[in-house]
Every structure is written in structure tokens, then in C-alpha cells.
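Student: Got structure24.pdb for you, PDB, C-alpha atoms, pLDDT in the B column:
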ATOM      1  CA  ALA A   1      27.612 169.222 178.704  1.00 64.00           C
ATOM      2  CA  ALA A   2      23.823 169.278 178.631  1.00 65.00           C
ATOM      3  CA  GLY A   3      23.821 165.617 177.598  1.00 74.00           C
ATOM      4  CA  PHE A   4      25.987 164.704 180.582  1.00 74.00           C
ATOM      5  CA  ALA A   5      23.643 166.652 182.880  1.00 66.00           C
ATOM      6  CA  LEU A   6      20.552 164.959 181.447  1.00 68.00           C
ATOM      7  CA  ARG A   7      22.154 161.520 181.875  1.00 73.00           C
ATOM      8  CA  GLY A   8      23.353 162.282 185.408  1.00 68.00           C
ATOM      9  CA  ASP A   9      26.982 161.778 184.403  1.00 74.00           C
ATOM     10  CA  THR A  10      28.858 164.082 186.788  1.00 67.00           C
ATOM     11  CA  SER A  11      32.273 162.676 185.794  1.00 72.00           C
ATOM     12  CA  GLY A  12      31.583 163.336 182.114  1.00 76.00           C
ATOM     13  CA  LEU A  13      30.346 166.826 182.905  1.00 72.00           C
ATOM     14  CA  ARG A  14      33.439 167.463 185.027  1.00 73.00           C
ATOM     15  CA  GLY A  15      35.760 166.432 182.182  1.00 77.00           C
ATOM     16  CA  GLU A  16      33.850 168.544 179.687  1.00 78.00           C
ATOM     17  CA  LEU A  17      34.018 171.632 181.917  1.00 77.00           C
ATOM     18  CA  ARG A  18      37.726 171.156 182.701  1.00 78.00           C
ATOM     19  CA  ASP A  19      38.565 170.823 179.007  1.00 83.00           C
ATOM     20  CA  LEU A  20      36.857 174.152 178.330  1.00 81.00           C
ATOM     21  CA  GLU A  21      38.912 175.974 180.979  1.00 76.00           C
ATOM     22  CA  GLY A  22      37.348 179.414 181.644  1.00 80.00           C
ATOM     23  CA  TRP A  23      34.579 178.799 179.126  1.00 88.00           C
ATOM     24  CA  GLY A  24      33.404 175.968 181.355  1.00 83.00           C
ATOM     25  CA  VAL A  25      31.744 178.503 183.658  1.00 88.00           C
ATOM     26  CA  VAL A  26      29.817 179.895 180.671  1.00 90.00           C
ATOM     27  CA  VAL A  27      28.749 176.392 179.643  1.00 86.00           C
ATOM     28  CA  LEU A  28      27.741 175.560 183.204  1.00 87.00           C
ATOM     29  CA  ALA A  29      25.648 178.737 183.457  1.00 91.00           C
ATOM     30  CA  THR A  30      24.050 177.964 180.078  1.00 92.00           C
ATOM     31  CA  VAL A  31      23.121 174.452 181.255  1.00 89.00           C
ATOM     32  CA  MET A  32      21.546 176.010 184.344  1.00 92.00           C
ATOM     33  CA  LEU A  33      19.637 178.557 182.265  1.00 93.00           C
ATOM     34  CA  ALA A  34      18.345 175.725 180.068  1.00 91.00           C
ATOM     35  CA  HIS A  35      16.730 174.283 183.184  1.00 88.00           C
ATOM     36  CA  ALA A  36      14.062 176.975 182.773  1.00 88.00           C
ATOM     37  CA  VAL A  37      12.597 174.905 179.926  1.00 86.00           C
ATOM     38  CA  ILE A  38      14.294 171.476 180.163  1.00 86.00           C
ATOM     39  CA  PRO A  39      13.556 169.538 183.337  1.00 82.00           C
ATOM     40  CA  TYR A  40      16.504 167.656 184.839  1.00 80.00           C
ATOM     41  CA  PRO A  41      17.873 167.290 188.373  1.00 81.00           C
ATOM     42  CA  ALA A  42      19.331 170.681 189.287  1.00 84.00           C
ATOM     43  CA  GLU A  43      21.722 168.972 191.674  1.00 85.00           C
ATOM     44  CA  ILE A  44      23.798 167.560 188.778  1.00 84.00           C
ATOM     45  CA  PRO A  45      25.350 170.804 187.476  1.00 87.00           C
ATOM     46  CA  THR A  46      25.474 172.165 191.026  1.00 90.00           C
ATOM     47  CA  ALA A  47      27.554 169.217 192.240  1.00 88.00           C
ATOM     48  CA  ALA A  48      29.596 169.277 189.035  1.00 85.00           C
ATOM     49  CA  ALA A  49      30.502 172.911 189.739  1.00 89.00           C
ATOM     50  CA  GLY A  50      31.857 171.984 193.167  1.00 91.00           C
ATOM     51  CA  PHE A  51      33.567 168.960 191.593  1.00 86.00           C
ATOM     52  CA  VAL A  52      35.370 171.135 189.017  1.00 86.00           C
ATOM     53  CA  TYR A  53      35.842 174.553 190.618  1.00 88.00           C
ATOM     54  CA  GLY A  54      35.814 173.996 194.372  1.00 89.00           C
ATOM     55  CA  PHE A  55      33.487 175.550 196.914  1.00 93.00           C
ATOM     56  CA  ALA A  56      34.720 179.173 196.928  1.00 93.00           C
ATOM     57  CA  LEU A  57      34.311 179.688 193.165  1.00 92.00           C
ATOM     58  CA  ALA A  58      31.453 177.282 192.491  1.00 94.00           C
ATOM     59  CA  LEU A  59      28.989 178.566 195.095  1.00 96.00           C
ATOM     60  CA  PRO A  60      28.740 182.163 193.811  1.00 96.00           C
ATOM     61  CA  VAL A  61      28.733 180.969 190.188  1.00 95.00           C
ATOM     62  CA  VAL A  62      25.884 178.514 190.702  1.00 95.00           C
ATOM     63  CA  MET A  63      23.921 180.905 192.907  1.00 96.00           C
ATOM     64  CA  ALA A  64      24.058 183.571 190.185  1.00 96.00           C
ATOM     65  CA  ALA A  65      23.202 181.080 187.433  1.00 96.00           C
ATOM     66  CA  TRP A  66      20.291 179.534 189.358  1.00 94.00           C
ATOM     67  CA  LEU A  67      18.942 182.985 190.186  1.00 96.00           C
ATOM     68  CA  ALA A  68      19.129 183.906 186.492  1.00 96.00           C
ATOM     69  CA  SER A  69      17.325 180.665 185.605  1.00 95.00           C
ATOM     70  CA  ALA A  70      14.666 181.409 188.206  1.00 94.00           C
ATOM     71  CA  MET A  71      14.187 184.901 186.759  1.00 96.00           C
ATOM     72  CA  VAL A  72      13.668 183.377 183.304  1.00 95.00           C
ATOM     73  CA  THR A  73      10.951 181.093 184.694  1.00 91.00           C
ATOM     74  CA  TYR A  74       9.369 184.048 186.486  1.00 94.00           C
ATOM     75  CA  ALA A  75       9.327 186.088 183.250  1.00 94.00           C
ATOM     76  CA  MET A  76       7.872 183.144 181.333  1.00 90.00           C
ATOM     77  CA  GLY A  77       5.084 182.821 183.889  1.00 88.00           C
ATOM     78  CA  ARG A  78       4.483 186.539 184.055  1.00 88.00           C
ATOM     79  CA  PHE A  79       4.360 187.213 180.325  1.00 89.00           C
ATOM     80  CA  GLY A  80       2.600 184.198 178.931  1.00 81.00           C
ATOM     81  CA  GLY A  81       2.660 181.258 181.255  1.00 73.00           C
ATOM     82  CA  ARG A  82      -0.891 181.378 182.569  1.00 74.00           C
ATOM     83  CA  PRO A  83      -2.553 179.716 179.518  1.00 76.00           C
ATOM     84  CA  LEU A  84       0.181 177.088 179.329  1.00 74.00           C
ATOM     85  CA  LEU A  85      -0.007 176.383 183.058  1.00 71.00           C
ATOM     86  CA  HIS A  86      -3.777 176.028 182.775  1.00 72.00           C
ATOM     87  CA  ARG A  87      -3.279 173.497 179.991  1.00 73.00           C
ATOM     88  CA  LEU A  88      -0.483 171.546 181.710  1.00 71.00           C
ATOM     89  CA  ALA A  89      -1.681 171.511 185.305  1.00 69.00           C
ATOM     90  CA  GLY A  90      -5.350 172.243 184.837  1.00 75.00           C
ATOM     91  CA  GLU A  91      -6.936 175.573 185.614  1.00 77.00           C
ATOM     92  CA  ARG A  92      -8.304 174.441 188.966  1.00 83.00           C
ATOM     93  CA  ARG A  93      -4.943 173.091 190.209  1.00 77.00           C
ATOM     94  CA  PHE A  94      -3.131 176.199 188.967  1.00 76.00           C
ATOM     95  CA  ARG A  95      -5.595 178.497 190.736  1.00 79.00           C
ATOM     96  CA  ARG A  96      -5.058 176.580 193.993  1.00 80.00           C
ATOM     97  CA  ALA A  97      -1.268 176.964 193.664  1.00 76.00           C
ATOM     98  CA  GLU A  98      -1.637 180.644 192.781  1.00 76.00           C
ATOM     99  CA  HIS A  99      -3.948 181.212 195.742  1.00 80.00           C
ATOM    100  CA  ALA A 100      -1.521 179.446 198.101  1.00 78.00           C
ATOM    101  CA  ILE A 101       1.380 181.599 196.911  1.00 76.00           C
ATOM    102  CA  LEU A 102      -0.581 184.851 197.130  1.00 77.00           C
ATOM    103  CA  ARG A 103      -2.249 184.064 200.463  1.00 75.00           C
ATOM    104  CA  GLY A 104       0.864 182.551 202.041  1.00 74.00           C
ATOM    105  CA  GLY A 105       3.207 185.334 200.920  1.00 79.00           C
ATOM    106  CA  TRP A 106       6.938 185.051 201.372  1.00 81.00           C
ATOM    107  CA  PRO A 107       6.855 182.043 203.766  1.00 79.00           C
ATOM    108  CA  VAL A 108       5.235 179.881 201.071  1.00 77.00           C
ATOM    109  CA  LEU A 109       7.748 181.008 198.450  1.00 79.00           C
ATOM    110  CA  LEU A 110      10.618 180.341 200.829  1.00 77.00           C
ATOM    111  CA  ALA A 111       9.235 176.908 201.716  1.00 76.00           C
ATOM    112  CA  ALA A 112       8.877 176.054 198.018  1.00 76.00           C
ATOM    113  CA  ARG A 113      12.614 176.645 197.605  1.00 80.00           C
ATOM    114  CA  LEU A 114      13.618 174.851 200.807  1.00 76.00           C
ATOM    115  CA  VAL A 115      11.687 171.667 199.973  1.00 75.00           C
ATOM    116  CA  PRO A 116      13.658 169.773 197.305  1.00 71.00           C
ATOM    117  CA  VAL A 117      10.635 167.939 195.854  1.00 68.00           C
ATOM    118  CA  VAL A 118       9.001 171.169 194.632  1.00 69.00           C
ATOM    119  CA  PRO A 119      10.136 171.639 191.005  1.00 74.00           C
ATOM    120  CA  PHE A 120      12.476 174.629 190.750  1.00 79.00           C
ATOM    121  CA  SER A 121      11.062 175.953 187.461  1.00 81.00           C
ATOM    122  CA  LEU A 122       7.422 175.424 188.389  1.00 80.00           C
ATOM    123  CA  THR A 123       7.761 177.761 191.361  1.00 83.00           C
ATOM    124  CA  GLY A 124       8.965 180.514 189.028  1.00 87.00           C
ATOM    125  CA  TYR A 125       6.232 179.933 186.457  1.00 86.00           C
ATOM    126  CA  VAL A 126       3.489 180.082 189.086  1.00 84.00           C
ATOM    127  CA  ALA A 127       4.998 183.061 190.930  1.00 88.00           C
ATOM    128  CA  GLY A 128       5.324 184.989 187.673  1.00 90.00           C
ATOM    129  CA  ALA A 129       1.797 184.158 186.547  1.00 86.00           C
ATOM    130  CA  ALA A 130       0.493 185.116 189.994  1.00 86.00           C
ATOM    131  CA  LYS A 131       2.322 188.450 189.681  1.00 88.00           C
ATOM    132  CA  VAL A 132       4.267 187.985 192.899  1.00 90.00           C
ATOM    133  CA  PRO A 133       6.459 191.089 193.377  1.00 92.00           C
ATOM    134  CA  LEU A 134       9.805 190.471 191.658  1.00 93.00           C
ATOM    135  CA  TRP A 135      11.898 191.454 194.676  1.00 94.00           C
ATOM    136  CA  ARG A 136      10.000 189.024 196.929  1.00 91.00           C
ATOM    137  CA  PHE A 137      10.435 186.242 194.383  1.00 92.00           C
ATOM    138  CA  ALA A 138      14.172 186.966 194.020  1.00 94.00           C
ATOM    139  CA  TRP A 139      15.092 187.102 197.700  1.00 93.00           C
ATOM    140  CA  THR A 140      13.019 184.052 198.656  1.00 91.00           C
ATOM    141  CA  THR A 141      14.593 182.156 195.772  1.00 91.00           C
ATOM    142  CA  VAL A 142      18.135 182.952 196.928  1.00 93.00           C
ATOM    143  CA  ALA A 143      17.432 182.421 200.628  1.00 93.00           C
ATOM    144  CA  GLY A 144      15.525 179.229 199.973  1.00 90.00           C
ATOM    145  CA  PHE A 145      17.915 177.462 197.642  1.00 89.00           C
ATOM    146  CA  LEU A 146      21.175 178.586 199.248  1.00 93.00           C
ATOM    147  CA  PRO A 147      21.319 175.810 201.889  1.00 91.00           C
ATOM    148  CA  LEU A 148      20.693 172.915 199.500  1.00 90.00           C
ATOM    149  CA  THR A 149      22.894 174.460 196.817  1.00 91.00           C
ATOM    150  CA  ALA A 150      25.767 174.794 199.286  1.00 94.00           C
ATOM    151  CA  VAL A 151      25.325 171.149 200.295  1.00 93.00           C
ATOM    152  CA  PHE A 152      25.489 169.926 196.680  1.00 91.00           C
ATOM    153  CA  VAL A 153      28.479 172.125 195.830  1.00 93.00           C
ATOM    154  CA  LEU A 154      30.210 170.715 198.909  1.00 93.00           C
ATOM    155  CA  LEU A 155      29.269 167.147 197.943  1.00 90.00           C
ATOM    156  CA  GLY A 156      30.733 167.775 194.491  1.00 86.00           C
ATOM    157  CA  LEU A 157      33.929 169.081 196.073  1.00 85.00           C
ATOM    158  CA  LEU A 158      34.161 166.087 198.401  1.00 85.00           C
ATOM    159  CA  THR A 159      33.657 163.745 195.449  1.00 76.00           C
ATOM    160  CA  ALA A 160      36.449 165.557 193.601  1.00 62.00           C
ATOM    161  CA  THR A 161      38.862 165.028 196.479  1.00 63.00           C
ATOM    162  CA  SER A 162      38.178 161.288 196.437  1.00 63.00           C
ATOM    163  CA  ALA A 163      38.010 160.845 192.644  1.00 53.00           C
ATOM    164  CA  PRO A 164      40.946 160.422 190.263  1.00 54.00           C
ATOM    165  CA  ALA A 165      41.869 163.567 188.319  1.00 51.00           C
TER     166      ALA A 165
END
Starting from the coordinates I provided, produce the structure as C-alpha cells.
Tutor:
Amino acid sequence: AAGFALRGDTSGLRGELRDLEGWGVVVLATVMLAHAVIPYPAEIPTAAAGFVYGFALALPVVMAAWLASAMVTYAMGRFGGRPLLHRLAGERRFRRAEHAILRGGWPVLLAARLVPVVPFSLTGYVAGAAKVPLWRFAWTTVAGFLPLTAVFVLLGLLTATSAPA
């Protein structure tokens, strides 16, 4: 399933999840949790969930899984990410991002989730390293990614209605 997600193969991922029946939800959530350390387009498993399970089941499943993934990135940033972020992004760039998040408060966190070009995991790493309050990080994550997540679940569902079973 992870291979299908990395390749962008929504049809392959759909078949894999259907073959697993109820375990497909567990696999889907695991793929989403892996996003905390493996970068790939988050829209792929999100659309695949709508494709396989329909809107009513897929939306709460993917919201819970993406929140869990975000919490993993937050914990990674909080408990050890600062040195790695300094190495990867450069200390100066990291400090600017940290300052923006701390100075801007919840509106900046919310905007980071609403703008699709901001990497999902990076927001969690920086927020954790900056010691943003966990509750603020959690609610801005959910509120910020709900609209786009709903759109991709719906797109997956619409693709399922026009695709052969």
C-alpha cells in the first residue's frame, strides 16, 4: 500500500485496501502515520480513502489518522527535532520559521494548514521544536486541514463512482 501511495497509484491502493477488507483502514492509517517521516503527497491516501470507503466513513478515518500523524511530527520536533531542523533547513531559516509561528500565534498555524504548499510534516516539526502549546497545535491542525481533506475525500468518492469496480 505504501508503494502505491509513493507512486501515486490510487487505483492500486484502492484494490489493495479493498482486498484487506476491515484491515484496510489499519493499513491506510499506517500509511498516513508513515508520512511523519516519509514525504509523499498526502492527497493520495486521502483520495484513496474516499475512493474505497465513501465520504461518511473515510472523512473521520482520515481526519483521525492525519491528526495522529501530525502529533507524531509535533513530538519529533519537541523531543529532538531542533538539531535536525538546524542541520536540514539551516539554523537561521529555522529560527525565522520558529519566530513566525510564535509571533503569529494560532493564525499562522491555521494558515500553514490551509495552504497546500506548506509541507504537512514540517509544520509539526517546527511547532513542536518551538514548543507551541499542544492544544493550539491540535485544533489548528484539524481546523486547517479539514477543508482540503474533505475535498480530496470527495474527489476520491467521485472517482470511484466513475471508475470500474
Student: So that each row is one residue of stretch 10-77 of chain A with an atom at most 12 Å from stretch 95-118 of chain A, can you give its shortest atom pair and the distance in Å to one decimal, using all atoms listed in the file, rows by chain and rising number, as a Markdown table?
Tutor:
| residue | atom | partner | partner_atom | distance |
| --- | --- | --- | --- | --- |
| A:Pro41 | CA | A:Pro116 | CA | 10.2 |
| A:Ala42 | CA | A:Pro116 | CA | 9.9 |
| A:Glu43 | CA | A:Pro116 | CA | 9.9 |
| A:Trp66 | CA | A:Arg113 | CA | 11.6 |
| A:Leu67 | CA | A:Arg113 | CA | 11.6 |
| A:Ala70 | CA | A:Arg113 | CA | 10.7 |
| A:Gly77 | CA | A:Glu98 | CA | 11.4 |
Student: Point out the residue among A:His86, A:Thr73, A:Leu154, A:Arg93 with the least atom-to-atom distance to A:Ile38, counting only C-alpha atoms.
Tutor: A:Thr73
Student: Could you please determine the separation between atom CA of A:Ala129 and atom CA of A:Leu148 in Å, to one decimal place?
Tutor: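 Here the two named atoms are 25.5 Å from each other.
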Student: Check the smallest atom-to-atom distance from each of A:Pro39, A:Gly81, A:Gly50, A:Gly12 to A:Val25 using all atoms listed in the file, then report the winner.
Tutor: A:Gly50
Student: Would you mind telling me which residue in A:Gly3, A:Leu84, A:Asp9, A:Leu33 lies nearest to A:Ala48 when using all atoms listed in the file?
Tutor: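 Answer, going by the shortest atom-to-atom distance: A:Asp9.
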Student: Generate the missing atoms of stretch 140-151 of chain A up to all heavy atoms and report them as a PDB file, in the frame of the given file.
Tutor:
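Writing the result to selection39.pdb gives the following:
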ATOM      1  N   THR A 140      13.413 185.355 198.125  1.00 91.00           N
ATOM      2  CA  THR A 140      13.019 184.052 198.656  1.00 91.00           C
ATOM      3  C   THR A 140      13.665 182.919 197.861  1.00 91.00           C
ATOM      4  O   THR A 140      13.973 181.864 198.422  1.00 91.00           O
ATOM      5  CB  THR A 140      11.488 183.869 198.678  1.00 91.00           C
ATOM      6  OG1 THR A 140      10.957 184.066 197.360  1.00 91.00           O
ATOM      7  CG2 THR A 140      10.837 184.830 199.667  1.00 91.00           C
ATOM      8  N   THR A 141      13.895 183.153 196.589  1.00 91.00           N
ATOM      9  CA  THR A 141      14.593 182.156 195.772  1.00 91.00           C
ATOM     10  C   THR A 141      16.012 181.966 196.287  1.00 91.00           C
ATOM     11  O   THR A 141      16.449 180.846 196.554  1.00 91.00           O
ATOM     12  CB  THR A 141      14.594 182.576 194.290  1.00 91.00           C
ATOM     13  OG1 THR A 141      13.243 182.542 193.803  1.00 91.00           O
ATOM     14  CG2 THR A 141      15.449 181.654 193.445  1.00 91.00           C
ATOM     15  N   VAL A 142      16.745 183.047 196.460  1.00 93.00           N
ATOM     16  CA  VAL A 142      18.135 182.952 196.928  1.00 93.00           C
ATOM     17  C   VAL A 142      18.200 182.371 198.338  1.00 93.00           C
ATOM     18  O   VAL A 142      18.960 181.435 198.600  1.00 93.00           O
ATOM     19  CB  VAL A 142      18.835 184.326 196.860  1.00 93.00           C
ATOM     20  CG1 VAL A 142      20.186 184.284 197.546  1.00 93.00           C
ATOM     21  CG2 VAL A 142      18.996 184.761 195.410  1.00 93.00           C
ATOM     22  N   ALA A 143      17.395 182.906 199.240  1.00 93.00           N
ATOM     23  CA  ALA A 143      17.432 182.421 200.628  1.00 93.00           C
ATOM     24  C   ALA A 143      16.995 180.964 200.720  1.00 93.00           C
ATOM     25  O   ALA A 143      17.550 180.187 201.500  1.00 93.00           O
ATOM     26  CB  ALA A 143      16.540 183.296 201.509  1.00 93.00           C
ATOM     27  N   GLY A 144      16.041 180.580 199.907  1.00 90.00           N
ATOM     28  CA  GLY A 144      15.525 179.229 199.973  1.00 90.00           C
ATOM     29  C   GLY A 144      16.411 178.170 199.352  1.00 90.00           C
ATOM     30  O   GLY A 144      16.484 177.047 199.830  1.00 90.00           O
ATOM     31  N   PHE A 145      17.105 178.512 198.254  1.00 89.00           N
ATOM     32  CA  PHE A 145      17.915 177.462 197.642  1.00 89.00           C
ATOM     33  C   PHE A 145      19.378 177.522 198.041  1.00 89.00           C
ATOM     34  O   PHE A 145      20.145 176.625 197.697  1.00 89.00           O
ATOM     35  CB  PHE A 145      17.730 177.380 196.117  1.00 89.00           C
ATOM     36  CG  PHE A 145      18.371 178.434 195.288  1.00 89.00           C
ATOM     37  CD1 PHE A 145      19.718 178.378 194.972  1.00 89.00           C
ATOM     38  CD2 PHE A 145      17.637 179.462 194.756  1.00 89.00           C
ATOM     39  CE1 PHE A 145      20.310 179.335 194.176  1.00 89.00           C
ATOM     40  CE2 PHE A 145      18.225 180.432 193.961  1.00 89.00           C
ATOM     41  CZ  PHE A 145      19.553 180.369 193.668  1.00 89.00           C
ATOM     42  N   LEU A 146      19.788 178.513 198.796  1.00 93.00           N
ATOM     43  CA  LEU A 146      21.175 178.586 199.248  1.00 93.00           C
ATOM     44  C   LEU A 146      21.608 177.375 200.070  1.00 93.00           C
ATOM     45  O   LEU A 146      22.655 176.779 199.785  1.00 93.00           O
ATOM     46  CB  LEU A 146      21.433 179.887 200.011  1.00 93.00           C
ATOM     47  CG  LEU A 146      22.840 180.050 200.591  1.00 93.00           C
ATOM     48  CD1 LEU A 146      23.892 180.013 199.492  1.00 93.00           C
ATOM     49  CD2 LEU A 146      22.927 181.347 201.380  1.00 93.00           C
ATOM     50  N   PRO A 147      20.836 176.941 201.078  1.00 91.00           N
ATOM     51  CA  PRO A 147      21.319 175.810 201.889  1.00 91.00           C
ATOM     52  C   PRO A 147      21.537 174.528 201.081  1.00 91.00           C
ATOM     53  O   PRO A 147      22.602 173.911 201.166  1.00 91.00           O
ATOM     54  CB  PRO A 147      20.212 175.614 202.930  1.00 91.00           C
ATOM     55  CG  PRO A 147      19.502 176.921 202.996  1.00 91.00           C
ATOM     56  CD  PRO A 147      19.592 177.507 201.614  1.00 91.00           C
ATOM     57  N   LEU A 148      20.560 174.145 200.279  1.00 90.00           N
ATOM     58  CA  LEU A 148      20.693 172.915 199.500  1.00 90.00           C
ATOM     59  C   LEU A 148      21.763 173.047 198.415  1.00 90.00           C
ATOM     60  O   LEU A 148      22.500 172.100 198.139  1.00 90.00           O
ATOM     61  CB  LEU A 148      19.344 172.533 198.884  1.00 90.00           C
ATOM     62  CG  LEU A 148      19.228 171.112 198.370  1.00 90.00           C
ATOM     63  CD1 LEU A 148      19.531 170.090 199.463  1.00 90.00           C
ATOM     64  CD2 LEU A 148      17.832 170.869 197.814  1.00 90.00           C
ATOM     65  N   THR A 149      21.868 174.219 197.832  1.00 91.00           N
ATOM     66  CA  THR A 149      22.894 174.460 196.817  1.00 91.00           C
ATOM     67  C   THR A 149      24.277 174.321 197.437  1.00 91.00           C
ATOM     68  O   THR A 149      25.165 173.680 196.856  1.00 91.00           O
ATOM     69  CB  THR A 149      22.706 175.858 196.191  1.00 91.00           C
ATOM     70  OG1 THR A 149      21.416 175.901 195.576  1.00 91.00           O
ATOM     71  CG2 THR A 149      23.765 176.159 195.158  1.00 91.00           C
ATOM     72  N   ALA A 150      24.474 174.903 198.604  1.00 94.00           N
ATOM     73  CA  ALA A 150      25.767 174.794 199.286  1.00 94.00           C
ATOM     74  C   ALA A 150      26.102 173.335 199.591  1.00 94.00           C
ATOM     75  O   ALA A 150      27.250 172.904 199.419  1.00 94.00           O
ATOM     76  CB  ALA A 150      25.764 175.628 200.562  1.00 94.00           C
ATOM     77  N   VAL A 151      25.101 172.571 200.006  1.00 93.00           N
ATOM     78  CA  VAL A 151      25.325 171.149 200.295  1.00 93.00           C
ATOM     79  C   VAL A 151      25.779 170.410 199.037  1.00 93.00           C
ATOM     80  O   VAL A 151      26.741 169.637 199.073  1.00 93.00           O
ATOM     81  CB  VAL A 151      24.047 170.501 200.893  1.00 93.00           C
ATOM     82  CG1 VAL A 151      24.140 168.979 200.873  1.00 93.00           C
ATOM     83  CG2 VAL A 151      23.809 171.006 202.292  1.00 93.00           C
TER      84      VAL A 151
END
